[in-house]
Amino acid sequence: MPFKTMMVHVAASDGNAALLALTAALAAQQDARVIGIAACEPVQIGYVDGDFTGALAVAEQQIVDDTLTAAGVEFRACAALQPYVLEWRAIATLEPIAHVVATAARCADLVITGLSTGALDTSRRADTGELVIHAGRPVLVIPPRAVSAAFETVLVAWNDTPECRRATSDALPFLARADRVILAGVGSDLDAARAQITDVVAWLHRHGIDADIIVTHAPSGNAQALARIAEDHVVDLIVAGAYGHNRLAEWAFGGVTRALLLEGNHCALLAH
């Protein structure tokens with residue numbers, strides 16, 4: 001089933017042009033409608049002798065309003081996206097941005113976002129790990145550099161977890177359009193990995209999707225092995241399950257998803 005409604009999270013700061021261009025290409029590809037969303041938390045701009053004055057409160061609110069207005073202008077400036085726009089949402093909040101976007105995700109089939117971690121300004125951006133954990137929808141994470149939306153070669157980083165099964169199912173609209181789908185299993189028990197992947201390949205075949213199998217040892221670690229496979233086969237999209245080790249945005253696919261995203265240049269479809 002294709003994605004009919006996409007939600008793109010526009011960081012309430014500059015630098016969303018590549019993200020919006022890719023969203024427009026995906027909307028055209030899937031014949032989808034797009035909801036744009038930006039959220040912004042107030043940033044304390046100053047105190048005088050410990051007092052928070054009404055003037056400061058007004059100034060902070062004005063900064064939030066101006067920031068959200070600028071995000072809306074950037075969203076509307078992407079001409080290729082406009083034929084697919086359903087609506088624009090600008091939200092001033094005291095909650096974490098990731099939670100605001102995750103709550104709104106109930107009206108979309110897919111959430112699209114740039115890569116962001118807690119190390120960056122979370123008053124303007126959604127922490128990616130927190131968003132994946134809370135969205136209840138697949139999240140397509142776009143790296144900072146411009147990328148293609150063609151997704152001709154897709155790598156499923158297989159791990160037999162509910163999260164990975166869900167991510168693979170969520171990715172069906174992309175897998176069905178891909179020229180090549182690769183299911184990769186890395187680790188020490190290669191026989192078990194191959195048996196699992198063979199089951200998944202048969203399931204995909206019943207959806208009309210053919211897939212190649214790559215099973216390999218990972219003496220240097222799963223992340224490095226998968227990154228090497230992704231580079232060797234010129235992968236456009238990585239599909240993986242993501243889960244939280246705690247509620248502080250510690251998220252991983254056996255430690256792999258975080259490493260692949262932070263160190264790589266690939267788009268990634270993640271599900272929790």
# chains A, B, ... in the order shown; residues from 1 in each chain; ligands from 1
$ residues_around --residues "segment 204-208 of chain A" --least-positions-apart "2" --cutoff "10 Å" --atoms "only C-alpha atoms" --output "ChimeraX atom specification"
/A:168-169,172,175-176,181,198-202,210-211
$ residues_around --residues "Ala77 of chain A" --least-positions-apart "3" --cutoff "12 Å" --atoms "only C-alpha atoms" --output "VMD selection string"
chain A and resid 16 to 17 20 to 21 24 70 to 74 80 to 82 85
$ closest_residue --among "A:Leu190, A:Phe75, A:Ala32, A:Thr122" --to "Val100 of chain A" --atoms "only C-alpha atoms"
A:Thr122
$ residues_around --residues "Ile91 of chain A" --least-positions-apart "4" --cutoff "10 Å" --atoms "only C-alpha atoms" --output "PyMOL selection string"
chain A and resi 37-41+64-65+68+97+100-101
$ select_by_dssp --residues "segment 2-182 of chain A" --states "alpha helix (DSSP H)" --output "count of residues only"
69
$ select_by_dssp --residues "segment 10-103 of chain A" --states "strand (DSSP E)" --output "compact mmCIF listing (two decimals) with N, CA and C atoms, in the first residue's frame"
# COMPACT_ATOMS: atom_id res chain seq x y z
N ARG A 33 0.01 13.28 -0.27
CA ARG A 33 -0.14 14.63 0.22
C ARG A 33 0.81 14.83 1.40
N VAL A 34 1.20 16.10 1.59
CA VAL A 34 2.25 16.40 2.56
C VAL A 34 1.75 17.39 3.60
N ILE A 35 1.98 17.05 4.85
CA ILE A 35 1.75 17.97 5.96
C ILE A 35 3.11 18.44 6.46
N GLY A 36 3.32 19.73 6.46
CA GLY A 36 4.56 20.28 7.02
C GLY A 36 4.34 20.66 8.47
N ILE A 37 5.37 20.44 9.30
CA ILE A 37 5.24 20.78 10.71
C ILE A 37 6.57 21.31 11.24
N ALA A 38 6.47 22.37 12.01
CA ALA A 38 7.61 22.91 12.74
C ALA A 38 7.14 23.23 14.15
N ALA A 39 8.02 23.04 15.09
CA ALA A 39 7.70 23.37 16.49
C ALA A 39 8.89 24.09 17.09
N CYS A 40 8.63 24.89 18.08
CA CYS A 40 9.69 25.72 18.66
C CYS A 40 9.43 25.91 20.14
N VAL A 85 1.00 19.83 -1.07
CA VAL A 85 0.83 20.29 0.31
C VAL A 85 -0.63 20.15 0.74
N LEU A 86 -0.82 19.52 1.88
CA LEU A 86 -2.14 19.40 2.48
C LEU A 86 -2.35 20.51 3.50
N GLU A 87 -1.35 20.72 4.35
CA GLU A 87 -1.46 21.80 5.34
C GLU A 87 -0.09 22.07 5.96
N TRP A 88 -0.01 23.18 6.67
CA TRP A 88 1.18 23.59 7.40
C TRP A 88 0.82 23.78 8.87
N ARG A 89 1.63 23.23 9.77
CA ARG A 89 1.39 23.36 11.20
C ARG A 89 2.61 23.99 11.86
N ALA A 90 2.41 25.08 12.56
CA ALA A 90 3.47 25.74 13.31
C ALA A 90 3.05 25.77 14.78
N ILE A 91 3.87 25.17 15.63
CA ILE A 91 3.45 24.94 17.01
C ILE A 91 4.49 25.50 17.97
N ALA A 92 4.06 26.44 18.80
CA ALA A 92 4.88 26.90 19.92
C ALA A 92 4.60 25.99 21.10
$ atom_distance --atom1 "atom CA of Leu115 of chain A" --atom2 "atom CA of Ala178 of chain A"
23.2 Å
$ residues_around --residues "Leu183 of chain A" --least-positions-apart "4" --cutoff "7 Å" --atoms "only C-alpha atoms" --output "ChimeraX atom specification"
/A:155-158,197,211-214
$ residues_around --residues "Leu22 of chain A" --least-positions-apart "5" --cutoff "12 Å" --atoms "only C-alpha atoms" --output "list in words"
Met6, Val8, Asn16, Ala17, Ala27, Ala28, Gln29, Val34, Cys78, Ala80, Leu81, Ile112, Thr113, Gly114, Leu140, Val141, Ile142, Pro143, Pro144, Arg145, Ala146, Val147, Ser148, Ala149, Ala150, Phe151 and Cys267 of chain A
$ residues_around --residues "Glu152 of chain A" --least-positions-apart "3" --cutoff "7 Å" --atoms "only C-alpha atoms" --output "count of residues only"
4
$ closest_residue --among "A:Val154, A:Ala18, A:Ala240, A:Ala59" --to "Val132 of chain A" --atoms "only C-alpha atoms"
A:Ala240
$ atom_distance --atom1 "atom CA of His272 of chain A" --atom2 "atom CA of His233 of chain A"
25.9 Å
